[in-house]
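Engineer: My structure is stored as input-v7.pdb, with PDB, C-alpha atoms and all ligand atoms.
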MODEL        1
ATOM      1  CA  MET A   1      94.796  20.766  -2.996
ATOM      2  CA  LYS A   2      98.523  20.766  -2.344
ATOM      3  CA  ILE A   3     100.113  23.318  -0.041
ATOM      4  CA  GLY A   4     103.537  24.699  -0.887
ATOM      5  CA  LEU A   5     106.183  27.362  -0.416
ATOM      6  CA  VAL A   6     107.979  29.929  -2.513
ATOM      7  CA  THR A   7     111.234  30.694  -0.749
ATOM      8  CA  TYR A   8     114.568  32.495  -0.872
ATOM      9  CA  THR A   9     116.400  29.621   0.825
ATOM     10  CA  PRO A  10     117.040  26.249  -0.871
ATOM     11  CA  GLU A  11     115.629  24.067   1.907
ATOM     12  CA  LYS A  12     112.499  21.953   2.039
ATOM     13  CA  VAL A  13     110.128  22.238   4.986
ATOM     14  CA  GLU A  14     108.105  19.374   6.439
ATOM     15  CA  GLY A  15     104.362  19.741   5.997
ATOM     16  CA  PHE A  16     104.582  21.223   2.488
ATOM     17  CA  ASP A  17     104.107  19.310  -0.773
ATOM     18  CA  VAL A  18     105.600  21.843  -3.211
ATOM     19  CA  HIS A  19     108.805  23.917  -2.917
ATOM     20  CA  VAL A  20     109.655  26.751  -5.306
ATOM     21  CA  TYR A  21     113.060  28.418  -4.945
ATOM     22  CA  TYR A  22     114.027  31.811  -6.426
ATOM     23  CA  SER A  23     117.226  30.765  -8.182
ATOM     24  CA  LYS A  24     117.538  33.769 -10.558
ATOM     25  CA  ARG A  25     116.147  37.060  -9.259
ATOM     26  CA  ALA A  26     115.099  40.488 -10.530
ATOM     27  CA  ASP A  27     118.005  42.268  -8.819
ATOM     28  CA  GLY A  28     120.356  40.241 -11.026
ATOM     29  CA  SER A  29     121.548  37.746  -8.432
ATOM     30  CA  VAL A  30     121.909  34.161  -9.638
ATOM     31  CA  PHE A  31     122.211  31.044  -7.470
ATOM     32  CA  PRO A  32     123.021  27.367  -8.013
ATOM     33  CA  ALA A  33     120.060  25.051  -8.618
ATOM     34  CA  ALA A  34     118.051  23.961  -5.574
ATOM     35  CA  LYS A  35     117.975  20.171  -5.713
ATOM     36  CA  GLU A  36     114.596  18.436  -5.848
ATOM     37  CA  MET A  37     112.801  21.782  -5.871
ATOM     38  CA  GLN A  38     111.013  23.813  -8.529
ATOM     39  CA  ASN A  39     113.545  26.497  -9.557
ATOM     40  CA  ASP A  40     112.052  29.919 -10.340
ATOM     41  CA  VAL A  41     113.951  31.860 -13.008
ATOM     42  CA  THR A  42     113.455  35.598 -13.560
ATOM     43  CA  CYS A  43     114.074  36.083 -17.270
ATOM     44  CA  PHE A  44     114.095  39.704 -18.489
ATOM     45  CA  CYS A  45     114.251  41.685 -15.232
ATOM     46  CA  ASP A  46     117.861  42.182 -14.248
ATOM     47  CA  ALA A  47     118.823  45.434 -12.500
ATOM     48  CA  LYS A  48     122.488  44.421 -12.299
ATOM     49  CA  ALA A  49     122.865  43.618 -16.003
ATOM     50  CA  ILE A  50     121.195  46.936 -16.932
ATOM     51  CA  ARG A  51     123.558  48.866 -14.617
ATOM     52  CA  GLU A  52     126.491  47.186 -16.324
ATOM     53  CA  ASP A  53     125.141  47.834 -19.838
ATOM     54  CA  PRO A  54     122.304  50.414 -19.955
ATOM     55  CA  ASN A  55     121.844  49.797 -23.706
ATOM     56  CA  ILE A  56     120.036  46.499 -23.067
ATOM     57  CA  VAL A  57     117.020  48.103 -21.328
ATOM     58  CA  ALA A  58     113.578  47.925 -23.004
ATOM     59  CA  VAL A  59     112.475  51.356 -24.299
ATOM     60  CA  SER A  60     109.256  53.220 -25.113
ATOM     61  CA  LYS A  61     108.273  56.731 -26.217
ATOM     62  CA  SER A  62     107.985  57.498 -22.474
ATOM     63  CA  GLY A  63     111.538  56.361 -21.845
ATOM     64  CA  PRO A  64     113.234  53.224 -20.515
ATOM     65  CA  ALA A  65     111.589  50.400 -18.516
ATOM     66  CA  LEU A  66     113.223  51.373 -15.250
ATOM     67  CA  ARG A  67     111.631  51.734 -11.818
ATOM     68  CA  LYS A  68     113.047  55.256 -11.527
ATOM     69  CA  ASN A  69     111.219  56.374 -14.713
ATOM     70  CA  ARG A  70     108.076  57.973 -13.235
ATOM     71  CA  LYS A  71     106.433  58.490 -16.636
ATOM     72  CA  ILE A  72     105.630  54.782 -16.520
ATOM     73  CA  ASN A  73     104.854  52.353 -13.677
ATOM     74  CA  VAL A  74     106.974  49.203 -13.751
ATOM     75  CA  PRO A  75     107.860  47.107 -10.674
ATOM     76  CA  PHE A  76     111.301  46.036 -11.957
ATOM     77  CA  ASP A  77     113.966  47.065 -14.485
ATOM     78  CA  PHE A  78     113.346  45.228 -17.782
ATOM     79  CA  VAL A  79     115.828  44.083 -20.422
ATOM     80  CA  CYS A  80     114.482  44.138 -24.006
ATOM     81  CA  PRO A  81     113.142  40.576 -24.580
ATOM     82  CA  THR A  82     114.512  40.400 -28.147
ATOM     83  CA  ASN A  83     118.119  41.096 -27.097
ATOM     84  CA  PRO A  84     119.891  38.006 -28.504
ATOM     85  CA  GLU A  85     122.863  38.048 -26.105
ATOM     86  CA  TYR A  86     120.702  38.414 -23.011
ATOM     87  CA  ARG A  87     118.247  35.755 -24.216
ATOM     88  CA  ALA A  88     121.179  33.376 -24.719
ATOM     89  CA  LYS A  89     122.364  34.122 -21.184
ATOM     90  CA  VAL A  90     118.951  33.252 -19.691
ATOM     91  CA  LEU A  91     118.602  30.112 -21.811
ATOM     92  CA  GLY A  92     122.139  29.051 -20.859
ATOM     93  CA  TYR A  93     121.178  29.335 -17.215
ATOM     94  CA  VAL A  94     118.006  27.257 -17.775
ATOM     95  CA  GLU A  95     120.096  24.655 -19.604
ATOM     96  CA  GLY A  96     122.502  24.518 -16.641
ATOM     97  CA  LEU A  97     119.595  23.880 -14.244
ATOM     98  CA  GLY A  98     118.642  20.912 -16.425
ATOM     99  CA  ARG A  99     121.946  19.235 -15.603
ATOM    100  CA  GLU A 100     121.043  19.214 -11.888
ATOM    101  CA  LYS A 101     118.583  16.984 -10.069
ATOM    102  CA  ILE A 102     115.748  19.492  -9.915
ATOM    103  CA  GLU A 103     111.959  19.116  -9.820
ATOM    104  CA  GLY A 104     111.493  21.566 -12.699
ATOM    105  CA  VAL A 105     111.625  25.202 -13.789
ATOM    106  CA  THR A 106     109.159  28.081 -13.416
ATOM    107  CA  LEU A 107     109.821  31.095 -15.627
ATOM    108  CA  ASN A 108     109.002  34.539 -14.324
ATOM    109  CA  LEU A 109     109.070  38.000 -16.013
ATOM    110  CA  TYR A 110     109.656  36.475 -19.478
ATOM    111  CA  HIS A 111     107.552  39.155 -21.194
ATOM    112  CA  PHE A 112     107.444  42.819 -22.299
ATOM    113  CA  PRO A 113     107.188  45.414 -19.486
ATOM    114  CA  GLU A 114     104.015  47.071 -20.857
ATOM    115  CA  GLU A 115     102.038  47.674 -24.064
ATOM    116  CA  GLU A 116     104.256  50.515 -25.327
ATOM    117  CA  PHE A 117     107.439  48.402 -25.131
ATOM    118  CA  CYS A 118     109.741  47.745 -26.818
ATOM    119  CA  VAL A 119     110.492  50.269 -29.576
ATOM    120  CA  CYS A 120     114.263  49.821 -29.741
ATOM    121  CA  PRO A 121     115.512  49.721 -33.379
ATOM    122  CA  ARG A 122     115.839  45.910 -33.276
ATOM    123  CA  CYS A 123     112.238  45.380 -32.045
ATOM    124  CA  VAL A 124     110.780  47.843 -34.572
ATOM    125  CA  GLU A 125     112.665  46.090 -37.388
ATOM    126  CA  LEU A 126     111.559  42.618 -36.221
ATOM    127  CA  TRP A 127     107.957  43.835 -35.976
ATOM    128  CA  ARG A 128     108.047  45.318 -39.526
ATOM    129  CA  GLN A 129     109.528  42.110 -40.942
ATOM    130  CA  SER A 130     106.843  39.980 -39.235
ATOM    131  CA  GLY A 131     103.937  41.643 -41.073
ATOM    132  CA  LEU A 132     101.855  41.190 -37.894
ATOM    133  CA  ASN A 133     100.055  43.810 -35.831
ATOM    134  CA  TRP A 134     101.815  45.058 -32.677
ATOM    135  CA  THR A 135      99.943  42.808 -30.224
ATOM    136  CA  ALA A 136     100.301  39.661 -32.338
ATOM    137  CA  TRP A 137     104.012  40.234 -32.987
ATOM    138  CA  ARG A 138     104.840  40.796 -29.308
ATOM    139  CA  ALA A 139     102.879  37.696 -28.261
ATOM    140  CA  GLN A 140     104.629  35.658 -30.950
ATOM    141  CA  GLU A 141     108.060  36.776 -29.657
ATOM    142  CA  ILE A 142     107.240  35.781 -26.073
ATOM    143  CA  THR A 143     105.696  32.434 -27.020
ATOM    144  CA  ALA A 144     108.743  31.646 -29.184
ATOM    145  CA  PHE A 145     111.052  32.390 -26.243
ATOM    146  CA  LEU A 146     109.021  30.072 -23.984
ATOM    147  CA  LYS A 147     109.160  27.320 -26.617
ATOM    148  CA  GLU A 148     112.944  27.600 -26.745
ATOM    149  CA  ALA A 149     113.178  27.521 -22.959
ATOM    150  CA  LYS A 150     110.860  24.528 -22.668
ATOM    151  CA  ARG A 151     113.201  22.440 -24.826
ATOM    152  CA  LEU A 152     115.947  22.982 -22.242
ATOM    153  CA  VAL A 153     113.829  22.316 -19.160
ATOM    154  CA  LYS A 154     114.059  19.001 -17.420
ATOM    155  CA  GLY A 155     110.963  18.078 -15.400
ATOM    156  CA  VAL A 156     107.954  20.233 -14.618
ATOM    157  CA  PHE A 157     107.611  23.414 -16.701
ATOM    158  CA  ALA A 158     105.512  26.324 -15.393
ATOM    159  CA  VAL A 159     105.219  30.086 -15.846
ATOM    160  CA  GLU A 160     104.277  32.942 -13.555
ATOM    161  CA  MET A 161     102.542  36.065 -14.835
ATOM    162  CA  PHE A 162     101.588  39.561 -13.788
ATOM    163  CA  PRO A 163      98.066  38.817 -12.450
ATOM    164  CA  ASP A 164      96.009  40.480 -15.177
ATOM    165  CA  PRO A 165      93.592  37.899 -16.632
ATOM    166  CA  VAL A 166      92.105  40.308 -19.206
ATOM    167  CA  LEU A 167      94.867  42.426 -20.769
ATOM    168  CA  ALA A 168      97.896  40.120 -20.470
ATOM    169  CA  LYS A 169      98.316  39.733 -24.241
ATOM    170  CA  GLU A 170      98.015  43.441 -25.064
ATOM    171  CA  ARG A 171     100.133  44.625 -22.151
ATOM    172  CA  PHE A 172     102.843  41.984 -21.847
ATOM    173  CA  GLY A 173     102.677  39.749 -24.915
ATOM    174  CA  ILE A 174     101.434  36.885 -22.709
ATOM    175  CA  ASP A 175      99.162  34.689 -24.849
ATOM    176  CA  PHE A 176      97.500  32.332 -22.357
ATOM    177  CA  GLU A 177      96.013  30.119 -25.119
ATOM    178  CA  ARG A 178      99.390  29.386 -26.748
ATOM    179  CA  ILE A 179     101.287  29.175 -23.457
ATOM    180  CA  ALA A 180      98.796  26.609 -22.106
ATOM    181  CA  GLU A 181     100.051  24.260 -24.842
ATOM    182  CA  LEU A 182     103.582  24.484 -23.388
ATOM    183  CA  VAL A 183     103.286  24.457 -19.606
ATOM    184  CA  ASP A 184     102.315  21.897 -16.975
ATOM    185  CA  TYR A 185     100.654  24.593 -14.867
ATOM    186  CA  PHE A 186     100.280  28.349 -14.392
ATOM    187  CA  HIS A 187     101.635  30.019 -11.238
ATOM    188  CA  VAL A 188      99.608  33.140 -10.342
ATOM    189  CA  PRO A 189     101.279  35.352  -7.724
ATOM    190  CA  LEU A 190      98.759  37.441  -5.744
ATOM    191  CA  SER A 191     101.284  39.281  -3.604
ATOM    192  CA  SER A 192     100.236  41.638  -0.843
ATOM    193  CA  ARG A 193     101.535  43.013   2.442
ATOM    194  CA  ASP A 194      98.470  41.456   4.072
ATOM    195  CA  TYR A 195      95.097  39.849   3.253
ATOM    196  CA  LEU A 196      92.946  41.808   5.702
ATOM    197  CA  THR A 197      90.983  42.818   2.584
ATOM    198  CA  SER A 198      90.890  39.757   0.358
ATOM    199  CA  TYR A 199      87.880  39.797  -1.995
ATOM    200  CA  TRP A 200      90.307  40.466  -4.899
ATOM    201  CA  VAL A 201      92.145  37.182  -4.219
ATOM    202  CA  ASP A 202      88.932  35.212  -4.655
ATOM    203  CA  LEU A 203      88.000  37.302  -7.705
ATOM    204  CA  LEU A 204      91.335  36.800  -9.502
ATOM    205  CA  ALA A 205      91.496  33.091  -8.606
ATOM    206  CA  ARG A 206      88.060  32.592 -10.214
ATOM    207  CA  ASP A 207      89.008  34.608 -13.301
ATOM    208  CA  PHE A 208      92.284  32.748 -13.861
ATOM    209  CA  LEU A 209      90.622  29.357 -13.344
ATOM    210  CA  LYS A 210      88.127  30.331 -16.051
ATOM    211  CA  VAL A 211      90.710  31.736 -18.494
ATOM    212  CA  LEU A 212      93.673  29.341 -18.161
ATOM    213  CA  LYS A 213      93.438  25.973 -19.878
ATOM    214  CA  LYS A 214      95.932  24.249 -17.572
ATOM    215  CA  PRO A 215      96.062  23.662 -13.789
ATOM    216  CA  VAL A 216      96.412  26.828 -11.698
ATOM    217  CA  VAL A 217      98.563  27.492  -8.638
ATOM    218  CA  VAL A 218      98.037  30.660  -6.564
ATOM    219  CA  GLU A 219     100.785  32.274  -4.470
ATOM    220  CA  LEU A 220     100.126  34.477  -1.423
ATOM    221  CA  SER A 221     102.690  36.424   0.623
ATOM    222  CA  ALA A 222     103.433  35.106   4.120
ATOM    223  CA  GLU A 223     106.442  37.222   5.122
ATOM    224  CA  MET A 224     106.424  39.683   8.010
ATOM    225  CA  LEU A 225     103.472  38.117   9.814
ATOM    226  CA  THR A 226     101.698  39.511  12.837
ATOM    227  CA  ASP A 227      98.915  37.492  14.538
ATOM    228  CA  GLU A 228      96.301  39.577  12.749
ATOM    229  CA  LYS A 229      97.992  39.133   9.356
ATOM    230  CA  ALA A 230      98.522  35.376   9.896
ATOM    231  CA  ASP A 231      94.827  34.937  10.720
ATOM    232  CA  ALA A 232      93.774  36.825   7.572
ATOM    233  CA  LEU A 233      96.277  34.906   5.415
ATOM    234  CA  LEU A 234      95.171  31.478   6.669
ATOM    235  CA  LYS A 235      91.489  32.310   6.187
ATOM    236  CA  THR A 236      92.273  33.484   2.649
ATOM    237  CA  VAL A 237      94.048  30.140   1.978
ATOM    238  CA  ALA A 238      90.984  28.377   3.400
ATOM    239  CA  TYR A 239      88.656  30.199   0.979
ATOM    240  CA  LEU A 240      91.024  29.397  -1.904
ATOM    241  CA  SER A 241      90.900  25.721  -0.916
ATOM    242  CA  ARG A 242      87.259  25.663  -2.062
ATOM    243  CA  HIS A 243      88.296  26.429  -5.640
ATOM    244  CA  ASN A 244      89.701  23.876  -8.055
ATOM    245  CA  LEU A 245      93.339  24.950  -7.604
ATOM    246  CA  MET A 246      96.251  22.545  -7.984
ATOM    247  CA  SER A 247      98.004  24.178  -5.046
ATOM    248  CA  VAL A 248      98.310  27.276  -2.917
ATOM    249  CA  LEU A 249     101.857  28.501  -2.306
ATOM    250  CA  MET A 250     103.007  30.831   0.448
ATOM    251  CA  LEU A 251     105.949  33.171  -0.102
ATOM    252  CA  VAL A 252     108.318  33.043   2.889
ATOM    253  CA  HIS A 253     111.859  34.235   3.606
ATOM    254  CA  ASP A 254     113.049  30.909   4.939
ATOM    255  CA  ALA A 255     112.081  27.639   6.653
ATOM    256  CA  GLU A 256     111.563  29.266  10.056
ATOM    257  CA  ASN A 257     109.081  31.702   8.501
ATOM    258  CA  ALA A 258     107.173  28.695   7.077
ATOM    259  CA  ARG A 259     107.150  26.862  10.412
ATOM    260  CA  GLN A 260     105.855  30.054  12.048
ATOM    261  CA  VAL A 261     102.788  29.943   9.761
ATOM    262  CA  CYS A 262     102.191  26.266  10.620
ATOM    263  CA  ARG A 263     102.528  26.845  14.352
ATOM    264  CA  TYR A 264     100.172  29.801  14.175
ATOM    265  CA  ALA A 265      97.514  27.635  12.500
ATOM    266  CA  VAL A 266      98.066  24.648  14.826
ATOM    267  CA  ASP A 267      98.020  26.660  18.078
ATOM    268  CA  ASN A 268      95.059  28.844  17.129
ATOM    269  CA  SER A 269      92.061  26.883  18.396
ATOM    270  CA  GLY A 270      89.688  29.657  17.282
ATOM    271  CA  PHE A 271      90.896  29.308  13.688
ATOM    272  CA  ARG A 272      90.669  25.497  13.757
ATOM    273  CA  GLU A 273      87.157  25.696  15.185
ATOM    274  CA  TRP A 274      86.245  28.193  12.433
ATOM    275  CA  LEU A 275      87.510  25.709   9.799
ATOM    276  CA  ARG A 276      85.401  22.896  11.265
ATOM    277  CA  LYS A 277      82.285  25.002  11.785
ATOM    278  CA  TYR A 278      82.251  26.239   8.181
ATOM    279  CA  GLU A 279      83.346  22.870   6.768
ATOM    280  CA  PHE A 280      86.658  23.748   5.157
ATOM    281  CA  ALA A 281      87.551  20.068   4.708
ATOM    282  CA  GLU A 282      90.750  20.529   2.685
ATOM    283  CA  MET A 283      92.178  23.211   4.933
ATOM    284  CA  THR A 284      91.260  21.190   8.045
ATOM    285  CA  ARG A 285      93.164  18.233   6.603
ATOM    286  CA  ILE A 286      96.243  20.455   5.939
ATOM    287  CA  VAL A 287      96.238  21.948   9.453
ATOM    288  CA  ASP A 288      95.704  18.485  11.009
ATOM    289  CA  GLU A 289      98.831  17.330   9.125
ATOM    290  CA  TRP A 290     100.778  20.317  10.459
ATOM    291  CA  ALA A 291      99.573  19.474  13.976
ATOM    292  CA  LYS A 292     101.405  16.125  13.746
ATOM    293  CA  LEU A 293     104.653  17.974  12.988
ATOM    294  CA  TYR A 294     104.548  21.276  14.877
TER     295      TYR A 294
HETATM  296 ZN    ZN A 301     113.618  46.017 -27.963
ENDMDL
END
Could you spell out this file's structure in structure tokens?
Structural biologist:
Amino acid sequence: MKIGLVTYTPEKVEGFDVHVYYSKRADGSVFPAAKEMQNDVTCFCDAKAIREDPNIVAVSKSGPALRKNRKINVPFDFVCPTNPEYRAKVLGYVEGLGREKIEGVTLNLYHFPEEEFCVCPRCVELWRQSGLNWTAWRAQEITAFLKEAKRLVKGVFAVEMFPDPVLAKERFGIDFERIAELVDYFHVPLSSRDYLTSYWVDLLARDFLKVLKKPVVVELSAEMLTDEKADALLKTVAYLSRHNLMSVLMLVHDAENARQVCRYAVDNSGFREWLRKYEFAEMTRIVDEWAKLY
């Protein structure tokens, strides 16, 4: 199992095999490509673009796909995925990344906000013309977008998803079967403020490994660590290391945040003893590597 980072700063950190950088984000900020890193591109969540042109937001009978709309529950503000101008903007950005020396591209939030979206006049017309049922049409739209994006991607191509292994197609138009034909791996973010309760991480990792027909990468949050949270996080990574995952990624603010996690593991003799006693071979190997560096 590889160990990696998801980060807001375009710098690699010693002791990690994989580096994912948020180059286009849900608040609408866009950054130059991070060289030799996997660049993570938020596709249809763009709070800034929606502020500038509210007409591009995805809509439902319960109103627009905005965080402030309390009739629904969405984590970000969503642009309608069939908006041709906005799609072209995202694809243009992906194409630009391909001109740089990057590791690859991970697409994030490339789907519909929820099952009841989008019923803008353009989407309703496209759906009618397709002759498909609602679920099939929405999945077809999203898969077609990913196919277009893949043609522009240089290097490794991956996608994130909202971590729902059962209803992803109905809710978001995410068709895991079709998408598996396009991607090199799936990136499953299991974000949390802490992992003091962590049975759900193990549960979702198992479910996604069963459902997804390509290698799986799991991401855990490692920002704002206390000793107690760091201990719980590292033990959760250790349990994940017993599954057949390609890698486990940790979300950090910056390189110092990543080194803090390493130092915590290296200096914590109780944790290292726990790894040995319960025979976490992979995690022991990772922490032993960190011990040579930190
Ligand atoms: Zn629409």
Engineer: Give as a ChimeraX atom specification the residues surrounding ligand ZN 301 (chain A) up to a distance of 9 Å, considering only C-alpha atoms and all ligand atoms.
Structural biologist: /A:56-60,79-83,112,117-124
Engineer: Between A:Asn55, A:Asn244, A:Ser130, A:Thr42, which one has atoms that come closest to Met161 in chain A, using all atoms listed in the file?
Structural biologist: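 Answer, going by the shortest atom-to-atom distance: A:Thr42.
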Engineer: For the PyMOL selection byres (((chain A and resi 270-278) around 12) and not hetatm), applied here, can you spell out every residue it catches as a PyMOL selection string?
Structural biologist: chain A and resi 227-228+230-239+241-242+262-269+279-288+290-291
Engineer: Need to verify the contact set: Arg138 in chain A, 8 Å, all atoms listed in the file, exclusion of same-chain residues closer than 6 positions in sequence. Can you return it as an MDAnalysis selection string?
Structural biologist: chainID A and resid 112 127 172:173
Engineer: Mind giving me the straight-line distance from CA of Gly104 in chain A to CA of Arg87 in chain A in Å, one decimal?
Structural biologist: 19.5 Å
Engineer: Between A:His187, A:His243, A:Lys12, A:Lys89, which is the closest to Met37 in chain A once you count only C-alpha atoms?
Structural biologist: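 Closest residue, counting only C-alpha atoms: A:Lys12.
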Engineer: Excluding range 204-206 of chain A and its own-chain neighbours fewer than 6 positions away, which residues fall within 12 Å of it when counting only C-alpha atoms? Please give them as a VMD selection string.
Structural biologist: chain A and resid 162 to 166 186 to 191 198 212 215 to 220 236 to 237 239 to 248
Engineer: So which one's closest to Gln38 in chain A, A:Val13, A:Ala158, A:Tyr110, A:Leu146? Using only C-alpha atoms, please.
Structural biologist: A:Ala158
Engineer: My list of candidates is A:Ala136, A:Leu203, A:Val20, A:Val183. Which is closest to Glu36 in chain A when distances are computed with all atoms listed in the file?
Structural biologist: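 Of the candidates, the smallest distance to Glu36 in chain A is held by A:Val20.
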Engineer: Nearest to Glu11 in chain A: which of A:Ala34, A:Val41, A:Ala49, A:Ala26 is it, counting only C-alpha atoms?
Structural biologist: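 Under the stated criterion, the closest residue is A:Ala34.
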Engineer: For the atom pair CA of Ile50 in chain A and CA of Ile102 in chain A, what is the interatomic distance in Å to one decimal place?
Structural biologist: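 Taking CA of Ile50 in chain A and CA of Ile102 in chain A, their separation equals 28.8 Å.
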Engineer: Find the residue from A:Val105, A:Ala65, A:Leu251, A:Leu293 that sits nearest to Ala149 in chain A; use all atoms listed in the file when measuring.
Structural biologist: A:Val105
Engineer: Work out how far apart CA of Val94 in chain A and CA of Lys150 in chain A are and give it in Å to one decimal.
Structural biologist: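 If I compute the distance from CA of Val94 in chain A to CA of Lys150 in chain A, I get 9.1 Å.
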Engineer: Do you know which residues the PyMOL selection byres (((chain A and resi 16) around 8) and not hetatm) returns on this file, as a count of residues only?
Structural biologist: 11
Engineer: Complete the atoms of range 47-71 of chain A to N, CA and C atoms and put them out as an mmCIF file, in the coordinates of the input.
Structural biologist:
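Once written, selection_33.cif looks like this:
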data_model
loop_
_atom_site.group_PDB
_atom_site.id
_atom_site.type_symbol
_atom_site.label_atom_id
_atom_site.label_comp_id
_atom_site.auth_asym_id
_atom_site.auth_seq_id
_atom_site.Cartn_x
_atom_site.Cartn_y
_atom_site.Cartn_z
ATOM 1 N N ALA A 47 118.325 44.089 -12.814
ATOM 2 C CA ALA A 47 118.823 45.434 -12.500
ATOM 3 C C ALA A 47 120.341 45.507 -12.645
ATOM 4 N N LYS A 48 121.024 44.432 -12.263
ATOM 5 C CA LYS A 48 122.488 44.421 -12.299
ATOM 6 C C LYS A 48 123.004 44.475 -13.743
ATOM 7 N N ALA A 49 122.429 43.646 -14.596
ATOM 8 C CA ALA A 49 122.865 43.618 -16.003
ATOM 9 C C ALA A 49 122.622 44.967 -16.677
ATOM 10 N N ILE A 50 121.509 45.630 -16.323
ATOM 11 C CA ILE A 50 121.195 46.936 -16.932
ATOM 12 C C ILE A 50 122.151 48.016 -16.414
ATOM 13 N N ARG A 51 122.549 47.921 -15.137
ATOM 14 C CA ARG A 51 123.558 48.866 -14.617
ATOM 15 C C ARG A 51 124.870 48.697 -15.376
ATOM 16 N N GLU A 52 125.216 47.453 -15.649
ATOM 17 C CA GLU A 52 126.491 47.186 -16.324
ATOM 18 C C GLU A 52 126.458 47.589 -17.800
ATOM 19 N N ASP A 53 125.281 47.448 -18.436
ATOM 20 C CA ASP A 53 125.141 47.834 -19.838
ATOM 21 C C ASP A 53 123.755 48.435 -20.061
ATOM 22 N N PRO A 54 123.621 49.764 -19.853
ATOM 23 C CA PRO A 54 122.304 50.414 -19.955
ATOM 24 C C PRO A 54 121.654 50.277 -21.330
ATOM 25 N N ASN A 55 122.416 49.927 -22.351
ATOM 26 C CA ASN A 55 121.844 49.797 -23.706
ATOM 27 C C ASN A 55 120.877 48.622 -23.849
ATOM 28 N N ILE A 56 120.885 47.689 -22.895
ATOM 29 C CA ILE A 56 120.036 46.499 -23.067
ATOM 30 C C ILE A 56 118.607 46.706 -22.539
ATOM 31 N N VAL A 57 118.339 47.865 -21.925
ATOM 32 C CA VAL A 57 117.020 48.103 -21.328
ATOM 33 C C VAL A 57 115.937 48.198 -22.411
ATOM 34 N N ALA A 58 114.725 47.757 -22.099
ATOM 35 C CA ALA A 58 113.578 47.925 -23.004
ATOM 36 C C ALA A 58 113.191 49.405 -23.018
ATOM 37 N N VAL A 59 112.779 49.920 -24.198
ATOM 38 C CA VAL A 59 112.475 51.356 -24.299
ATOM 39 C C VAL A 59 111.092 51.601 -24.905
ATOM 40 N N SER A 60 110.543 52.785 -24.560
ATOM 41 C CA SER A 60 109.256 53.220 -25.113
ATOM 42 C C SER A 60 109.361 54.713 -25.414
ATOM 43 N N LYS A 61 108.289 55.276 -25.975
ATOM 44 C CA LYS A 61 108.273 56.731 -26.217
ATOM 45 C C LYS A 61 108.328 57.505 -24.899
ATOM 46 N N SER A 62 107.914 56.856 -23.796
ATOM 47 C CA SER A 62 107.985 57.498 -22.474
ATOM 48 C C SER A 62 109.279 57.170 -21.744
ATOM 49 N N GLY A 63 110.234 56.623 -22.458
ATOM 50 C CA GLY A 63 111.538 56.361 -21.845
ATOM 51 C C GLY A 63 111.752 54.892 -21.513
ATOM 52 N N PRO A 64 112.842 54.614 -20.775
ATOM 53 C CA PRO A 64 113.234 53.224 -20.515
ATOM 54 C C PRO A 64 112.379 52.537 -19.453
ATOM 55 N N ALA A 65 112.369 51.197 -19.473
ATOM 56 C CA ALA A 65 111.589 50.400 -18.516
ATOM 57 C C ALA A 65 112.375 50.243 -17.217
ATOM 58 N N LEU A 66 112.505 51.364 -16.523
ATOM 59 C CA LEU A 66 113.223 51.373 -15.250
ATOM 60 C C LEU A 66 112.285 51.859 -14.153
ATOM 61 N N ARG A 67 112.473 51.324 -12.945
ATOM 62 C CA ARG A 67 111.631 51.734 -11.818
ATOM 63 C C ARG A 67 111.708 53.240 -11.582
ATOM 64 N N LYS A 68 112.873 53.828 -11.832
ATOM 65 C CA LYS A 68 113.047 55.256 -11.527
ATOM 66 C C LYS A 68 112.386 56.155 -12.583
ATOM 67 N N ASN A 69 111.917 55.591 -13.689
ATOM 68 C CA ASN A 69 111.219 56.374 -14.713
ATOM 69 C C ASN A 69 109.761 56.555 -14.293
ATOM 70 N N ARG A 70 109.420 57.746 -13.782
ATOM 71 C CA ARG A 70 108.076 57.973 -13.235
ATOM 72 C C ARG A 70 107.025 58.256 -14.305
ATOM 73 N N LYS A 71 107.435 58.325 -15.575
ATOM 74 C CA LYS A 71 106.433 58.490 -16.636
ATOM 75 C C LYS A 71 105.699 57.175 -16.889
#
